[in-house]
Amino acid sequence: MKMLMAVSGALFVFYVLVHMYGNLKIFAGVEAFNEYAEHLRTLFTPFLPDGGFLWLFRVVLIAALVVHAWAAFYLWSRARGARTTRYVAKAAARATLKSTMMRWGGVAILLFLVWHLLQFTIVKFNVGSLQAEGNPGLLVISTFQVWWVVLLYLLALVALGLHLYHGVWSATQTLGWAGSAAARRRAKTLGLIIALVTSVGFALPPLAILFGLVKGI
Amino acid sequence: MPSSPTTGLVHGLYAEGAPIRDTKAPTGPIDRRWNTRKFEASLVNPANRRKLSVIIVGTGLAGGAAAATLGEAGYQVKSFCYQDSPRRAHSIAAQGGINAAKNYKEDGDSVYRLFYDTVKGGDYRSRESNVYRLAEVSTNIIDQCVAQGVPFAREYGGLLDNRSFGGVQVSRTFYARGQTGQQLLIGAYQALERQVAAGTVEMFTRHEMLEIVVVDGKARGIIARDLVTGEIETHLADAVVLASGGYGNVFYLSTNAVGSNVTATWRAHRKGAHFANPCYTQIHPTCIPVAGEHQSKLTLMSESLRNDGRIWVPKNAADCEKDPRLIPEEDRDYYLERIYPSFGNLVPRDIASRQAKNVCDEGRGVGPKVGDFRRGVYLDFTDALKRMSADAVAEKYGNLLDMYQRITGENPYEVPMRIYPAVHYTMGGLWVDYDLQSTIPGLFVTGEANFSDHGANRLGASALMQGLADGYFVLPHTIRDYLAKGPFDKLDESHEAVAEARASVDARVQKLLTINGDRSVDSFHKELGSIMWEYCGMERSEEGLLKAIDLIRGLRDEFWRNVKVLGAGDTLNQSLEKAGRVADFLELSELMCIDALHRRESCGGHFRAESQTEDGEALRHDDEFAYVAAWEWGGQDGAPVLHKEDLVYEFVELKQRSYK
Amino acid sequence: MNFTLKIWRQAGSTTKGEMVTYPVADISEDMSFLEMLDVLNEQLNARGEEPIAFDSDCREGICGMCGLMISGKAHGPEVTTTCQLHMRSFSDGDEITVEPWRADAFPVIKDLVVDRSSLDRIIQAGGFISANTGSAPEAHSVPVPKAKADRSFMAAACIGCGACVAACPNASGMLFMGAKITHLGELPQGQPERDARVVSMVNQHDDEGFGGCTNIGECSSACPKEIPLDVINQLNRDLRGALMRGE
């Protein structure tokens with residue numbers, strides 16, 4: 001169960017890194033971003049139909065999401081079942097925000113994901129002021145000119161960072177790759193690096209847009 | 001029924017009966033006796049083994065190893081312990097190591113030398129046949145434990161490391177840092193749990209044996225209390241093994257676990273098993289001193305500390321309260337180095353202990369006053385820290401020094417440690433023959449619970465050896481000779497003797513719960529302990545022992561009138577458990593004093609003030625006392641009956657030891 | 001020293017428990033935590049109240065029988081067992097809560113006493129090397145590299161007290177189990193049963209109702225023998241290998 005958790009989690013780590021790379025294209029301009037979006041759609045055509053790769057990718061991600069969430073729920077319910085009488089007083093020796101918030105952080109990220117997909121993939125509603133019909137790049141810019149959207153994203157990124165930090169180290173441990181104090185330190189450092197790179201990487205475009213460094217037109 | 005004594009009462013306290021003899025040990029060359037016995041012992045057909053049942057009380061090295069081995073052999077085993085898991089038995093606390101005559105160091109060791117050292121170390125009060133067998137199977141123990149995954153210390157080449165221990169001149173001690181007992185016990189525990197999983201052993205944790213069932217003169221079962229539900233249960237079998245450990249807790253304060261008790265062996269004694277040499281008690285010199293009235297147990301530190309630490313007290317009693325670092329060299333009395341110039345701080349355990357008591361009795365003890373005296377002497381690492389580096393000291397003794405600091409709150413790298421002797425091991429126990437069978441047929445006794453191998457004094461790293469030798473390699477062979485005569489008549493719980501044993505346990509529990517007096521069980525236990533420590537401890541005298549017997553009788557009488565045990569019998573009731581144990585200690589203690597009184601010599605752990613050399617050393621009287629004193633229960637109001645088993649030395653010459 | 005103790009009292013496994021407040025006075029700082037409870041029990045006994053049930057045996061930190069949740073920490077504020085915790089680790093006037101280990105795999109028997117036989121059953125499932133008495137080869141016939149022997153010993157230092165389970169937010173027994181897997185798995189003698197051992201022990205662990213590990217690390221911090229998280233990694237690694245080999 002935990003291995004499914006680790007493997008599906010690892011897929012997401014890979015995915016968010018790719019996703020972040022894509023987002024950074026916005027710095028190269030709306031055109032580049034749109035090309036990239038289009039490129040994703042037409043990748044491996046004509047071997048796959050138009051949008052085929054994207055759908056394949058989505059199916060894998062959705063499967064991983066289901067597995068990850070289901071495993072999380074299973075572990076959570078087992079942990080609840082394993083201690084039905086709670087302590088009156090419980091002090092943590094070293095549990096930190098990142099490890100104890102895995103569950104609530106995960107739920108938060110899931111909720112954010114729904115919002116995020118509605119906003120950019122499914123409904124594509126625009127809370128900003130720019131006309132962005134059929135132009136993903138402009139839609140992004142329009143959206144992030146709204147301060148509360150940026151704040152929402154930043155909060156989600158903090159949750160994501162913490163989740164990744166503990167998640168990466170946890171996955172190495174679960175897969176049995178952290179067999180010594182040194183390996184454990186390396187795994188934690190790797191987790192920290194991935195967490196920082198991702199959250200900073202994702203945070204740059206919205207912030208840049210908000211402060212007007214990247215303009216649509 | 002007690003046999004008829006051949007003498008009248010001696011001192012008004014005991015009578016003497018017919019001599020007793022071990023009829024099972026073969027004669028002939030000592031190195032062939034065990035093989036002969038194994039060959040002559042009847043075999044049990046594997047198909048018949050599952051029809052034969054054995055009850056084993058205690059899950060330490062001796063009991064756990066025996067249960068696992070008999071389970072593997074295919075017998076039906078029921079194993080009992082009072083703890084919540086068999087892994088908690090007090091064998092776990094042994095630190096130093098386990099001896100075996102492997103001669104891996106090629107330093108002149110051999111089975112014969114281990115045998116010789118053990119007989120000599122026991123001050124010539126043990127049986128040659130038994131001790132030789134112990135030395136002989138010692139090598140098998142190491143093989144067995146390694147195969148089970150016991151992580152002994154190893155050298156860089158991957159082979160096992162050895163050290164010399166307890167002043168022995170060869171390196172024959174195998175160890176796993178300071179946790180050898182733990183590792184060996186975990187090995188036996190895992191072997192036992194494997195048999196539990198295989199269905200050959202049924203495990204009863206949190207069960208305490210309160211009576212033995214003897215039917216037609218044979219041991220056929222036990223009455224036990226389920227400590228959780230309080231239910232009194234009857235368990236019947238073809239044979240019973242007691243591996244319930246020693247009785248050091250009769251002193252209240254000892255290095256034993258707080259739950260260690262004499263009940264199993266004492267109940268068997270009352271049903272006809274002779275109790276041998278109860279006065280032989282080992283007192284370990286390097287324990288952490290008592291800090292106050294609240295103290296519940298004493299903690300031992302490995303005596304290896306004496307290799308580099310120097311023991312001293314102030315020359316003047318006036319200095320005893322001073323910071324020891326401020327006492328100048330010329331005002332310190334390194335008394336062991338002064339009295340024993342050649343052995344110095346490395347004199348045997350009993351001498352080091354007794355001298356510590358002497359200087360404290362003179363009023364030169366250090367540390368907090370407990371009662372009227374300060375009971376502690378300094379064990380000083382200052383010189384060692386100067387000679388070696390602090391790192392080197394930490395490397396060698398770090399875990400011990402840390403333990404000291406944790407318990408006392410003092411830093412031994414800066415302030416000299418304080419130590420004082422404490423009761424550590426009891427060499428006495430139920431009398432057994434070469435087959436480890438007691439005077440009740442079908443009742444076998446192994447490990448510290450029997451008396452067999454250590455004589456009047458046990459050498460370091462030999463307790464683990466004996467426990468495992470008995471459990472893995474001796475008992476499984478000797479008990480089959482007995483079981484081959486079975487299965488015995490099927491017994492029903494309604495049998496008169498069974499019902500009577502059970503009723504007596506019920507009655508006793510009810511009695512304890514209804515006395516409803518004023519004093520707690522612990523207060524009785526503490527008082528008994530201080531009587532025993534004062535009069536039957538490191539130094540015993542006729543006057544003191546007679547006084548102790550009087551005091552014990554008075555205390556026992558008061559106990560049965562005035563003890564206060566709250567709570568009910570049908571639930572977990574720790575006061576009730578303790579009450580039953582203390583009640584038995586109150587009887588055993590009297591027998592210990594009588595045994596100490598009758599043995600008017602000093603030998604090993606038994607020092608009689610009346611029997612010492614001009615220099616104050618222990619003086620044996622081989623002409624009069626070269627025997628095992630096996631005591632028969634004389635009935636509730638009767639006097640115990642002494643049966644002597646003469647000790648014959650064919651191979652080892654008796655010598656008086658000297659450490660000057 | 002004086003303390004206010006809030007102690008869990010529960011008459012039996014099926015009755016409801018509650019915290020009861022007991023003041024204790026004139027406690028010496030040299031007392032161990034359990035000796036302090038002994039003093040309280042003597043006072044309760046004298047007042048005619050039933051003493052508080054708690055487990056302990058060796059009282060020198062090795063048997064693993066004692067174990068209390070003291071102000072929210074397994075075995076209290078120091079890295080040691082409850083019996084080796086001394087009152088000097090507290091400040092005069094402290095309020096101290098005392099609870100039993102809480103996990104559904106450790107049902108409460110009475111007051112502070114719990115049933116840890118689930119740990120024994122995990123060992124029964126495979127925490128051993130099958131070597132019948134008398135069948136062993138000469139001890140020196142199989143050398144063990146010192147580094148492996150030392151690592152095995154490190155893991156074998158586990159005393160089975162259950163503090164790891166008590167401290168774990170998930171009530172998982174992975175540190176206990178990992179210690180045994182590592183102890184036996186590092187030795188050549190432990191190899192033949194290595195795959196079967198880990199699968200069987202993990203199944204038993206899950207059946208007993210312990211929670212799963214989410215790598216938080218509370219277990220190792222609470223462990224009086226300082227068993228590192230490595231052993232859980234080792235367990236996971238062995239489990240992955242065993243499952244891949246089709247065990």
# chains A, B, ... in the order shown; residues from 1 in each chain; ligands from 1
>>> residues_around(residues="C:Cys164", least_positions_apart="4", cutoff="7 Å", atoms="only C-alpha atoms", output="ChimeraX atom specification")
/C:168,173,175,219-220,222-223
>>> residues_around(residues="stretch 45-59 of chain A", least_positions_apart="2", cutoff="12 Å", atoms="only C-alpha atoms", output="PyMOL selection string")
chain A and resi 11-12+14-15+18-19+37-43+61-66+117+121
>>> interface_residues(of="chain B", to="chain C", cutoff="7 Å", atoms="only C-alpha atoms", output="PyMOL selection string")
chain B and resi 69+72+85+88+90+92-93+142-144+146-149+151+154-159+190-191+193-194+196-197+256-259+291+294-296+299+407-408+472+520+566-567+574
>>> interface_residues(of="chain C", to="chain A", cutoff="9 Å", atoms="only C-alpha atoms", output="ChimeraX atom specification")
/C:19,69-73,97-105,167,169-172,209-218,221-222,228-240
>>> write_last_selection(atoms="N, CA and C atoms", output="tab-separated table (two decimals), in the first residue's frame")
chain	number	residue	atom	x	y	z
C	19	MET	N	-8.98	10.41	34.00
C	19	MET	CA	-7.79	10.96	34.63
C	19	MET	C	-8.15	11.35	36.07
C	69	MET	N	3.24	6.81	29.29
C	69	MET	CA	3.20	8.05	28.51
C	69	MET	C	3.21	9.16	29.54
C	70	ILE	N	4.32	9.88	29.62
C	70	ILE	CA	4.48	10.88	30.67
C	70	ILE	C	4.43	12.27	30.04
C	71	SER	N	3.40	13.02	30.41
C	71	SER	CA	3.16	14.34	29.80
C	71	SER	C	3.30	14.29	28.29
C	72	GLY	N	2.71	13.27	27.70
C	72	GLY	CA	2.66	13.21	26.25
C	72	GLY	C	3.87	12.61	25.58
C	73	LYS	N	4.87	12.19	26.36
C	73	LYS	CA	6.05	11.59	25.75
C	73	LYS	C	6.23	10.17	26.25
C	97	THR	N	1.20	14.47	33.49
C	97	THR	CA	0.14	13.52	33.15
C	97	THR	C	0.77	12.15	32.89
C	98	VAL	N	0.10	11.11	33.35
C	98	VAL	CA	0.60	9.75	33.18
C	98	VAL	C	-0.50	8.90	32.56
C	99	GLU	N	-0.20	8.37	31.38
C	99	GLU	CA	-1.19	7.55	30.68
C	99	GLU	C	-0.57	6.24	30.24
C	100	PRO	N	-1.39	5.26	29.96
C	100	PRO	CA	-0.85	4.01	29.41
C	100	PRO	C	-0.48	4.21	27.94
C	101	TRP	N	0.31	3.27	27.39
C	101	TRP	CA	0.51	3.26	25.93
C	101	TRP	C	-0.88	3.16	25.31
C	102	ARG	N	-1.13	3.95	24.29
C	102	ARG	CA	-2.44	3.85	23.65
C	102	ARG	C	-2.30	3.39	22.21
C	103	ALA	N	-2.83	2.22	21.96
C	103	ALA	CA	-2.90	1.68	20.60
C	103	ALA	C	-3.92	0.56	20.68
C	104	ASP	N	-4.69	0.38	19.63
C	104	ASP	CA	-5.68	-0.69	19.71
C	104	ASP	C	-5.02	-2.06	19.72
C	105	ALA	N	-3.76	-2.11	19.25
C	105	ALA	CA	-3.03	-3.37	19.33
C	105	ALA	C	-2.49	-3.61	20.75
C	167	ALA	N	4.40	6.17	20.66
C	167	ALA	CA	4.73	7.53	20.22
C	167	ALA	C	4.24	7.81	18.80
C	169	PRO	N	2.21	8.62	15.68
C	169	PRO	CA	0.86	9.16	15.45
C	169	PRO	C	-0.06	8.15	14.77
C	170	ASN	N	0.53	7.18	14.06
C	170	ASN	CA	-0.28	6.15	13.40
C	170	ASN	C	-0.37	4.87	14.21
C	171	ALA	N	0.28	4.83	15.40
C	171	ALA	CA	0.36	3.61	16.21
C	171	ALA	C	0.89	2.44	15.38
C	172	SER	N	1.97	2.72	14.68
C	172	SER	CA	2.57	1.68	13.84
C	172	SER	C	3.68	0.96	14.58
C	209	GLY	N	-3.65	-4.93	13.87
C	209	GLY	CA	-4.29	-3.62	13.98
C	209	GLY	C	-3.35	-2.48	14.24
C	210	PHE	N	-2.05	-2.68	14.01
C	210	PHE	CA	-1.12	-1.55	14.09
C	210	PHE	C	-1.36	-0.67	12.87
C	211	GLY	N	-1.03	0.60	12.97
C	211	GLY	CA	-1.17	1.51	11.84
C	211	GLY	C	0.00	1.37	10.88
C	212	GLY	N	-0.10	2.07	9.75
C	212	GLY	CA	0.98	2.04	8.77
C	212	GLY	C	1.99	3.14	9.07
C	213	CYS	N	3.19	2.98	8.52
C	213	CYS	CA	4.25	3.95	8.76
C	213	CYS	C	4.16	5.07	7.74
C	214	THR	N	4.19	6.33	8.19
C	214	THR	CA	4.29	7.43	7.23
C	214	THR	C	5.57	8.22	7.45
C	215	ASN	N	6.57	7.54	7.97
C	215	ASN	CA	7.92	8.11	8.04
C	215	ASN	C	8.00	9.45	8.76
C	216	ILE	N	7.34	9.51	9.90
C	216	ILE	CA	7.37	10.76	10.66
C	216	ILE	C	8.59	10.79	11.57
C	217	GLY	N	8.93	9.62	12.15
C	217	GLY	CA	10.16	9.55	12.93
C	217	GLY	C	9.98	9.67	14.43
C	218	GLU	N	8.73	9.77	14.90
C	218	GLU	CA	8.49	9.84	16.34
C	218	GLU	C	9.00	8.58	17.05
C	221	SER	N	12.68	8.67	17.86
C	221	SER	CA	12.96	9.66	18.90
C	221	SER	C	12.55	9.16	20.27
C	222	ALA	N	11.51	8.34	20.32
C	222	ALA	CA	11.02	7.86	21.61
C	222	ALA	C	11.78	6.62	22.07
C	228	PRO	N	17.70	3.45	15.11
C	228	PRO	CA	17.50	4.46	14.07
C	228	PRO	C	16.45	4.06	13.04
C	229	LEU	N	15.99	5.05	12.28
C	229	LEU	CA	14.98	4.79	11.25
C	229	LEU	C	15.49	3.88	10.15
C	230	ASP	N	16.82	3.69	10.09
C	230	ASP	CA	17.40	2.79	9.08
C	230	ASP	C	16.68	1.46	9.04
C	231	VAL	N	16.28	0.99	10.22
C	231	VAL	CA	15.74	-0.36	10.28
C	231	VAL	C	14.40	-0.44	9.54
C	232	ILE	N	13.67	0.68	9.51
C	232	ILE	CA	12.41	0.69	8.76
C	232	ILE	C	12.71	0.66	7.28
C	233	ASN	N	13.74	1.41	6.91
C	233	ASN	CA	14.18	1.38	5.52
C	233	ASN	C	14.57	-0.05	5.12
C	234	GLN	N	15.30	-0.70	6.03
C	234	GLN	CA	15.72	-2.08	5.75
C	234	GLN	C	14.51	-2.98	5.57
C	235	LEU	N	13.53	-2.79	6.44
C	235	LEU	CA	12.32	-3.60	6.34
C	235	LEU	C	11.65	-3.38	4.99
C	236	ASN	N	11.51	-2.10	4.61
C	236	ASN	CA	10.85	-1.79	3.34
C	236	ASN	C	11.60	-2.39	2.16
C	237	ARG	N	12.92	-2.29	2.25
C	237	ARG	CA	13.75	-2.81	1.18
C	237	ARG	C	13.59	-4.33	1.07
C	238	ASP	N	13.64	-4.99	2.23
C	238	ASP	CA	13.49	-6.45	2.24
C	238	ASP	C	12.11	-6.84	1.74
C	239	LEU	N	11.11	-6.06	2.14
C	239	LEU	CA	9.74	-6.38	1.74
C	239	LEU	C	9.59	-6.23	0.22
C	240	ARG	N	10.13	-5.15	-0.32
C	240	ARG	CA	10.05	-4.93	-1.76
C	240	ARG	C	10.72	-6.09	-2.49
>>> select_by_dssp(residues="stretch 257-444 of chain B", states="strand (DSSP E)", output="ChimeraX atom specification")
/B:275-276,281-287,310-314,332-333,369-370,373-374,377-380,417-426,429-430,443-444
>>> select_by_dssp(residues="stretch 93-157 of chain A", states="helix (DSSP H, G or I)", output="JSON, numbers by chain")
{"A": [97, 98, 99, 100, 102, 103, 104, 105, 106, 107, 108, 109, 110, 111, 112, 113, 114, 115, 116, 117, 118, 119, 120, 121, 122, 136, 137, 138, 139, 140, 141, 142, 143, 147, 148, 149, 150, 151, 152, 153, 154, 155, 156, 157]}
>>> write_last_selection(atoms="C-alpha atoms", output="PDB file, in the first residue's frame")
ATOM      1  CA  LEU A  97       4.520  20.550  10.231  1.00  0.00           C
ATOM      2  CA  LYS A  98       5.608  18.842   7.034  1.00  0.00           C
ATOM      3  CA  SER A  99       5.171  15.285   8.313  1.00  0.00           C
ATOM      4  CA  THR A 100       2.021  15.810  10.328  1.00  0.00           C
ATOM      5  CA  MET A 102       0.765  15.253   4.928  1.00  0.00           C
ATOM      6  CA  ARG A 103      -2.886  14.338   5.103  1.00  0.00           C
ATOM      7  CA  TRP A 104      -4.456  17.784   5.409  1.00  0.00           C
ATOM      8  CA  GLY A 105      -1.853  19.176   3.041  1.00  0.00           C
ATOM      9  CA  GLY A 106      -2.780  16.484   0.563  1.00  0.00           C
ATOM     10  CA  VAL A 107      -6.456  17.309   0.855  1.00  0.00           C
ATOM     11  CA  ALA A 108      -5.685  20.983   0.413  1.00  0.00           C
ATOM     12  CA  ILE A 109      -3.675  20.247  -2.683  1.00  0.00           C
ATOM     13  CA  LEU A 110      -6.488  18.106  -4.039  1.00  0.00           C
ATOM     14  CA  LEU A 111      -9.017  20.891  -3.555  1.00  0.00           C
ATOM     15  CA  PHE A 112      -6.667  23.320  -5.182  1.00  0.00           C
ATOM     16  CA  LEU A 113      -6.234  20.914  -8.077  1.00  0.00           C
ATOM     17  CA  VAL A 114      -9.966  20.917  -8.738  1.00  0.00           C
ATOM     18  CA  TRP A 115     -10.033  24.687  -8.793  1.00  0.00           C
ATOM     19  CA  HIS A 116      -6.943  24.829 -10.955  1.00  0.00           C
ATOM     20  CA  LEU A 117      -8.337  22.401 -13.553  1.00  0.00           C
ATOM     21  CA  LEU A 118     -11.648  24.171 -13.669  1.00  0.00           C
ATOM     22  CA  GLN A 119      -9.867  27.410 -14.207  1.00  0.00           C
ATOM     23  CA  PHE A 120      -7.385  26.455 -16.883  1.00  0.00           C
ATOM     24  CA  THR A 121      -8.448  23.202 -18.437  1.00  0.00           C
ATOM     25  CA  ILE A 122     -12.099  22.389 -18.174  1.00  0.00           C
ATOM     26  CA  PRO A 136      -4.048  29.920 -22.931  1.00  0.00           C
ATOM     27  CA  GLY A 137      -1.129  32.272 -22.428  1.00  0.00           C
ATOM     28  CA  LEU A 138      -3.328  35.306 -22.150  1.00  0.00           C
ATOM     29  CA  LEU A 139      -5.696  33.454 -19.889  1.00  0.00           C
ATOM     30  CA  VAL A 140      -2.817  32.815 -17.518  1.00  0.00           C
ATOM     31  CA  ILE A 141      -1.732  36.411 -17.538  1.00  0.00           C
ATOM     32  CA  SER A 142      -5.224  37.706 -17.142  1.00  0.00           C
ATOM     33  CA  THR A 143      -5.795  35.412 -14.187  1.00  0.00           C
ATOM     34  CA  TRP A 147      -4.142  39.532  -6.344  1.00  0.00           C
ATOM     35  CA  TRP A 148      -6.327  37.032  -4.481  1.00  0.00           C
ATOM     36  CA  VAL A 149      -5.798  34.396  -7.135  1.00  0.00           C
ATOM     37  CA  VAL A 150      -2.058  34.774  -6.689  1.00  0.00           C
ATOM     38  CA  LEU A 151      -2.422  34.513  -2.937  1.00  0.00           C
ATOM     39  CA  LEU A 152      -4.469  31.358  -3.330  1.00  0.00           C
ATOM     40  CA  TYR A 153      -1.813  29.879  -5.573  1.00  0.00           C
ATOM     41  CA  LEU A 154       0.976  30.825  -3.229  1.00  0.00           C
ATOM     42  CA  LEU A 155      -0.770  29.113  -0.332  1.00  0.00           C
ATOM     43  CA  ALA A 156      -1.248  26.031  -2.443  1.00  0.00           C
ATOM     44  CA  LEU A 157       2.423  26.115  -3.313  1.00  0.00           C
TER      45      LEU A 157
END
>>> residues_around(residues="stretch 576-580 of chain B", least_positions_apart="3", cutoff="6 Å", atoms="only C-alpha atoms", output="mmCIF file with N, CA and C atoms, in the first residue's frame")
data_model
loop_
_atom_site.group_PDB
_atom_site.id
_atom_site.type_symbol
_atom_site.label_atom_id
_atom_site.label_comp_id
_atom_site.auth_asym_id
_atom_site.auth_seq_id
_atom_site.Cartn_x
_atom_site.Cartn_y
_atom_site.Cartn_z
ATOM 1 N N VAL B 521 2.266 -4.553 52.181
ATOM 2 C CA VAL B 521 3.157 -5.672 51.891
ATOM 3 C C VAL B 521 4.607 -5.186 51.809
ATOM 4 N N ASN B 573 -4.117 -7.632 40.392
ATOM 5 C CA ASN B 573 -3.953 -7.080 41.736
ATOM 6 C C ASN B 573 -2.503 -7.253 42.157
ATOM 7 N N ALA B 583 5.131 -13.562 51.594
ATOM 8 C CA ALA B 583 4.787 -14.612 52.554
ATOM 9 C C ALA B 583 5.784 -15.767 52.430
#
>>> atom_distance(atom1="atom CA of B:Glu202", atom2="atom CA of B:Val44")
21.0 Å
